[in-house]
Amino acid sequence: MGRVTARRPVLRIGPHGAVRRPDSLAVEEPLEIRMSGRSLSVTMRTPGHDIDLVHGFLLGEGIIRSAADVAVIRYCDGVDEDGANTYNVLDVALASGVPEPVVAQRNFLSTSACGVCGKASLDAVRVRAPYDLEASPLTVPAAVLASLPETMRTRQRVFDSTGGLHAAGLFTADGALLALREDVGRHNAVDKVLGWALTDGRVPLSEAILAVSGRVSFELVQKAVVAGVPMLTAVSAPSSLAVDLAAESSLTLVGFLRGETMNVYTGEQRIKLP
């Protein structure tokens, strides 16, 4: 498996002068996802938890509904100039009876900063949600929500050394962390943590909170909705389209979650006030 950090020289300039020293950077490498040998997607990601990432990606695109829908997933022929496997190509074979996507009709090329990029139209990105979020019994005290960013921050080990990664975490209603994943791409971090939940048999996540370390795009809301997550929180802002989709899908969306303050954009009935 590739490294998640790399060392590069840097000129550090401060009030007392300049000094050259090595700096730790988050690794960014391409991951090609193939379906029965045909290229389906290329995403720029931080190596690690690639199997989770692929499961989460396929779930979010509506290609699979459970881990049983994937028969085989394996690394294949990605090699560097020395002939060593780069572990940057994963091939997926779906289980019998699970239809493969028509690759020619979709454009899955994405980058670490991707929101809804690579999609032919807004209609193409609206995956039909398989779960009714309105039926979720989840309610969460505001004080629990206020604790989530700090809990995530203390578990972001790669961010501590690089300062360059997004994080996504799944929490219980009482604020217990179920899983956390880091990546240079916010959508990849979400795919990784939702892929973990899928392979662990936890989808639909009808009583879980998905928390992210950055802003919220339409795509992140869509991923939460498709995985059956009833509440999504973020330390930064959502987009207008993210709020529209959250409202349409009965998802509770919280932004600017910093300390004891937060903006509740949709689904306020799930939050218990002091």
# chains A, B, ... in the order shown; residues from 1 in each chain; ligands from 1

$ residues_around --residues "Val243 (chain A)" --least-positions-apart "2" --cutoff "12 Å" --atoms "only C-alpha atoms" --output "ChimeraX atom specification"
/A:215-222,232-233,237-241,245-255,263-267

$ residues_around --residues "Pro9 (chain A)" --least-positions-apart "4" --cutoff "12 Å" --atoms "only C-alpha atoms" --output "short mmCIF file (atom, residue, chain, number, x, y, z; two decimals) with N, CA, C and O atoms, in the first residue's frame"
data_model
loop_
_atom_site.label_atom_id
_atom_site.label_comp_id
_atom_site.auth_asym_id
_atom_site.auth_seq_id
_atom_site.Cartn_x
_atom_site.Cartn_y
_atom_site.Cartn_z
N VAL A 19 14.67 29.31 7.20
CA VAL A 19 15.41 28.07 7.40
C VAL A 19 14.84 27.01 6.45
O VAL A 19 13.64 26.97 6.19
N ARG A 20 15.74 26.20 5.90
CA ARG A 20 15.31 25.09 5.05
C ARG A 20 15.14 23.84 5.91
O ARG A 20 16.00 23.53 6.75
N ARG A 21 14.03 23.16 5.67
CA ARG A 21 13.76 21.96 6.47
C ARG A 21 12.81 21.04 5.70
O ARG A 21 12.11 21.50 4.77
N PRO A 22 12.71 19.77 6.05
CA PRO A 22 11.74 18.89 5.41
C PRO A 22 10.34 19.12 5.97
O PRO A 22 10.18 19.50 7.14
N ASP A 23 9.34 18.93 5.12
CA ASP A 23 7.96 19.11 5.54
C ASP A 23 7.16 17.87 5.15
O ASP A 23 7.44 17.23 4.13
N SER A 24 6.18 17.51 5.96
CA SER A 24 5.31 16.36 5.67
C SER A 24 4.10 16.82 4.88
O SER A 24 3.42 17.78 5.26
N LEU A 25 3.84 16.13 3.77
CA LEU A 25 2.70 16.44 2.91
C LEU A 25 1.79 15.22 2.79
O LEU A 25 2.25 14.07 2.84
#

$ residues_around --residues "region 86-96 of chain A" --least-positions-apart "6" --cutoff "12 Å" --atoms "only C-alpha atoms" --output "PyMOL selection string"
chain A and resi 1-3+28-55+57-58+63-80

$ write_last_selection --atoms "C-alpha atoms" --output "PDB file, in the first residue's frame"
ATOM      1  CA  MET A   1       0.000   0.000   0.000  1.00  0.00           C
ATOM      2  CA  GLY A   2       1.276   3.466  -0.823  1.00  0.00           C
ATOM      3  CA  ARG A   3       2.283   5.923   1.843  1.00  0.00           C
ATOM      4  CA  GLU A  28      -2.272  12.397  -3.515  1.00  0.00           C
ATOM      5  CA  GLU A  29      -2.368   9.606  -6.091  1.00  0.00           C
ATOM      6  CA  PRO A  30      -4.883   8.456  -8.713  1.00  0.00           C
ATOM      7  CA  LEU A  31      -7.108   5.470  -8.074  1.00  0.00           C
ATOM      8  CA  GLU A  32      -8.656   3.879 -11.141  1.00  0.00           C
ATOM      9  CA  ILE A  33     -11.824   1.892 -10.479  1.00  0.00           C
ATOM     10  CA  ARG A  34     -12.561  -0.752 -13.074  1.00  0.00           C
ATOM     11  CA  MET A  35     -15.725  -2.787 -13.541  1.00  0.00           C
ATOM     12  CA  SER A  36     -15.020  -6.234 -15.024  1.00  0.00           C
ATOM     13  CA  GLY A  37     -11.830  -4.867 -16.589  1.00  0.00           C
ATOM     14  CA  ARG A  38     -13.401  -1.676 -18.016  1.00  0.00           C
ATOM     15  CA  SER A  39     -12.443   1.693 -16.583  1.00  0.00           C
ATOM     16  CA  LEU A  40     -15.323   3.187 -14.587  1.00  0.00           C
ATOM     17  CA  SER A  41     -13.746   6.057 -12.644  1.00  0.00           C
ATOM     18  CA  VAL A  42     -10.479   7.759 -11.790  1.00  0.00           C
ATOM     19  CA  THR A  43     -10.334   9.718  -8.548  1.00  0.00           C
ATOM     20  CA  MET A  44      -7.450  11.501  -6.866  1.00  0.00           C
ATOM     21  CA  ARG A  45      -7.167  10.203  -3.322  1.00  0.00           C
ATOM     22  CA  THR A  46      -4.870   9.575  -0.374  1.00  0.00           C
ATOM     23  CA  PRO A  47      -3.876   5.876  -0.442  1.00  0.00           C
ATOM     24  CA  GLY A  48      -5.412   3.766   2.294  1.00  0.00           C
ATOM     25  CA  HIS A  49      -8.859   2.237   2.887  1.00  0.00           C
ATOM     26  CA  ASP A  50      -9.218   1.913  -0.897  1.00  0.00           C
ATOM     27  CA  ILE A  51     -11.626  -1.022  -0.612  1.00  0.00           C
ATOM     28  CA  ASP A  52     -13.886   1.074   1.612  1.00  0.00           C
ATOM     29  CA  LEU A  53     -13.604   3.970  -0.852  1.00  0.00           C
ATOM     30  CA  VAL A  54     -14.757   1.818  -3.778  1.00  0.00           C
ATOM     31  CA  HIS A  55     -17.677   0.346  -1.829  1.00  0.00           C
ATOM     32  CA  PHE A  57     -18.406   5.195  -4.294  1.00  0.00           C
ATOM     33  CA  LEU A  58     -20.503   2.378  -5.771  1.00  0.00           C
ATOM     34  CA  ILE A  63     -24.666   0.772  -8.387  1.00  0.00           C
ATOM     35  CA  ILE A  64     -24.785  -1.413  -5.257  1.00  0.00           C
ATOM     36  CA  ARG A  65     -27.055  -1.540  -2.208  1.00  0.00           C
ATOM     37  CA  SER A  66     -25.102  -3.935   0.025  1.00  0.00           C
ATOM     38  CA  ALA A  67     -21.661  -5.504   0.344  1.00  0.00           C
ATOM     39  CA  ALA A  68     -23.144  -8.734  -1.037  1.00  0.00           C
ATOM     40  CA  ASP A  69     -23.610  -6.976  -4.387  1.00  0.00           C
ATOM     41  CA  VAL A  70     -19.826  -7.099  -4.861  1.00  0.00           C
ATOM     42  CA  ALA A  71     -18.488 -10.553  -5.717  1.00  0.00           C
ATOM     43  CA  VAL A  72     -14.765  -9.697  -6.022  1.00  0.00           C
ATOM     44  CA  ILE A  73     -12.680  -6.576  -5.631  1.00  0.00           C
ATOM     45  CA  ARG A  74      -8.934  -6.757  -6.154  1.00  0.00           C
ATOM     46  CA  TYR A  75      -5.864  -4.713  -6.989  1.00  0.00           C
ATOM     47  CA  CYS A  76      -4.557  -5.255 -10.475  1.00  0.00           C
ATOM     48  CA  ASP A  77      -1.914  -4.109 -12.955  1.00  0.00           C
ATOM     49  CA  GLY A  78      -0.845  -0.637 -11.863  1.00  0.00           C
ATOM     50  CA  VAL A  79       2.971  -0.551 -11.920  1.00  0.00           C
ATOM     51  CA  ASP A  80       5.656   2.097 -11.620  1.00  0.00           C
TER      52      ASP A  80
END

$ atom_distance --atom1 "CA of His166 (chain A)" --atom2 "CA of Phe256 (chain A)"
15.5 Å

$ residues_around --residues "Val193 (chain A)" --least-positions-apart "3" --cutoff "7 Å" --atoms "only C-alpha atoms" --output "ChimeraX atom specification"
/A:52,168-169,179-181,189-190,196-197

$ select_by_dssp --residues "region 107-269 of chain A" --states "strand (DSSP E or B)" --output "MDAnalysis selection string"
chainID A and resid 140:141 166:171 177:183 209:212 216 231:234 238 252:258 261:266

$ residues_around --residues "Lys272 (chain A)" --least-positions-apart "4" --cutoff "6 Å" --atoms "only C-alpha atoms" --output "NGL selection string"
:A and (140-142)

$ residues_around --residues "Ser147 (chain A)" --least-positions-apart "6" --cutoff "9 Å" --atoms "only C-alpha atoms" --output "VMD selection string"
chain A and resid 175 259 to 260

$ atom_distance --atom1 "CA of Gly56 (chain A)" --atom2 "CA of Asp200 (chain A)"
11.9 Å
